[in-house]
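Enquirer: The structure under discussion is supplied below as structure tokens; questions concerning it will follow.
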Amino acid sequence: MPSTPIPFTDNYQDHSSESGYQFEFFCERCGNGYKSAFKASALGMGGKAARALGGVFGGKLNEIGWSAGYLQDSTNSPAKDKALREAIQDVTPLFNQCHRCGQWVCKEICWNEEFNMCVQDAPKLEGEIAAAQSDARLEQVRDKTKRVDWTGDLNLERKQMTLCPSCGAEAPPSGKFCASCGQALTAPVACAKCGAESPRGSKFCPECGEKFA
């Protein structure tokens with residue numbers, strides 16, 4: 001008798017183990033996962049009992065035969081196929097397949113019932129309106145922010161920072177000594193108004209009288 005094909009198998013992970021069978025199915029859009037109920041494996045439980053008996057008698061009771069049987073049962077076997085079919089039946093009510101893109105998506109988040117398609121192909125109107133409103137609000141904030149003068153009280157021509165010639169640390173242009181290494185900052189300071197150079201630490205420009213910050 002030919003075997004019955006198993007549907008709905010392109011978006012799941014197999015978490016089956018020696019003890020039994022469990023599968024996790026994923027939404028192909030948002031990635032949400034749903035695990036099927038764990039189903040114990042009769043062969044796995046029998047294998048544990050066989051190994052326990054083997055330990056009692058100091059040998060490996062039927063270990064070779066059991067290992068071969070378990071390997072077959074945990075990969076390709078009627079028992080595992082049956083467990084997978086039952087898991088599919090359990091989780092199928094949580095998913096829909098979009099007939100436009102073919103993806104299996106969760107009903108709760110990624111399915112648009114109005115158009116019977118996934119939200120990738122038929123976005124939900126309420127969500128799109130909310131996203132458009134948020135985008136418009138951010139765009140308006142940026143436009144208003146650009147129209148405000150944020151630099152009116154700043155002297156953008158004056159050099160704000162310089163480097164210590166000894167250690168390379170940043171230092172304010174009016175400082176006399178480096179805060180990192182203590183060495184004297186001997187580089188001259190240029191006046192922001194007339195451009196004349198003055199010894200570092202000067203309070204006023206000797207050429208035009210401009211006060212240094």
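Here's how to read the names in the structure tokens: chain A, B, ... by the order shown, residue numbers from 1 in each chain, ligand numbers from 1 in the order shown.
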Need to verify the contact set: Ala179 (chain A), 12 Å, only C-alpha atoms, exclusion of same-chain residues closer than 2 positions in sequence. Can you return it as a ChimeraX atom specification?
Expert: /A:163-164,166-172,175-177,181-185
Enquirer: Just want the 6 Å neighbourhood of region 5-14 of chain A, counted on only C-alpha atoms, with same-chain residues fewer than 2 positions away dropped. Output as a PyMOL selection string.
Expert: chain A and resi 16+23-26
Enquirer: Dump N, CA and C atoms for the selected residues as a compact mmCIF listing (two decimals), in the first residue's frame?
Expert:
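Okay, part05.txt is ready:
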```txt
# COMPACT_ATOMS: atom_id res chain seq x y z
N SER A 16 12.42 15.85 18.14
CA SER A 16 12.26 14.49 18.66
C SER A 16 13.57 14.00 19.28
N PHE A 23 7.56 18.43 17.60
CA PHE A 23 7.87 19.25 16.44
C PHE A 23 7.48 20.69 16.72
N GLU A 24 8.23 21.62 16.10
CA GLU A 24 7.93 23.04 16.26
C GLU A 24 7.67 23.65 14.88
N PHE A 25 6.52 24.29 14.73
CA PHE A 25 6.10 24.87 13.46
C PHE A 25 6.21 26.39 13.54
N PHE A 26 6.72 27.00 12.45
CA PHE A 26 7.00 28.42 12.45
C PHE A 26 6.16 29.17 11.41
```
Enquirer: Rank nothing, just name the residue among A:Thr4, A:Cys178, A:Gln140, A:Leu94 nearest to Asp81 (chain A), using only C-alpha atoms.
Expert: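 Ranking A:Thr4, A:Cys178, A:Gln140, A:Leu94 by distance to Asp81 (chain A), first place goes to A:Thr4.
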Enquirer: Report the distance between CA of Ser180 (chain A) and CA of Pro165 (chain A) in Å, rounded to one decimal place.
Expert: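 Spanning CA of Ser180 (chain A) to CA of Pro165 (chain A) is a straight-line distance of 11.6 Å.
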Enquirer: Please report the interatomic distance between CA of Gly195 (chain A) and CA of Cys208 (chain A) in Å with one decimal.
Expert: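 Distance between the two atoms: 9.5 Å.
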Enquirer: Write down as a PyMOL selection string the residues of region 64-203 of chain A whose backbone DSSP state falls under alpha helix (DSSP H).
Expert: chain A and resi 64-75+78-91+107-110+125-146
Enquirer: Measuring between only C-alpha atoms, which one of A:Ser17, A:Glu113, A:Thr162, A:Gln22 shows the shortest distance to Arg85 (chain A)?
Expert: A:Gln22
Enquirer: For Tyr21 (chain A), which residue among A:Ala132, A:Ala79, A:Cys101, A:Met117 is the nearest when counting only C-alpha atoms?
Expert: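 Checking each of A:Ala132, A:Ala79, A:Cys101, A:Met117 against Tyr21 (chain A), counting only C-alpha atoms, the winner is A:Ala79.
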Enquirer: What is the distance between CA of Gln120 (chain A) and CA of Asp135 (chain A), in Å to one decimal?
Expert: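 Separating CA of Gln120 (chain A) from CA of Asp135 (chain A) is a distance of 19.2 Å.
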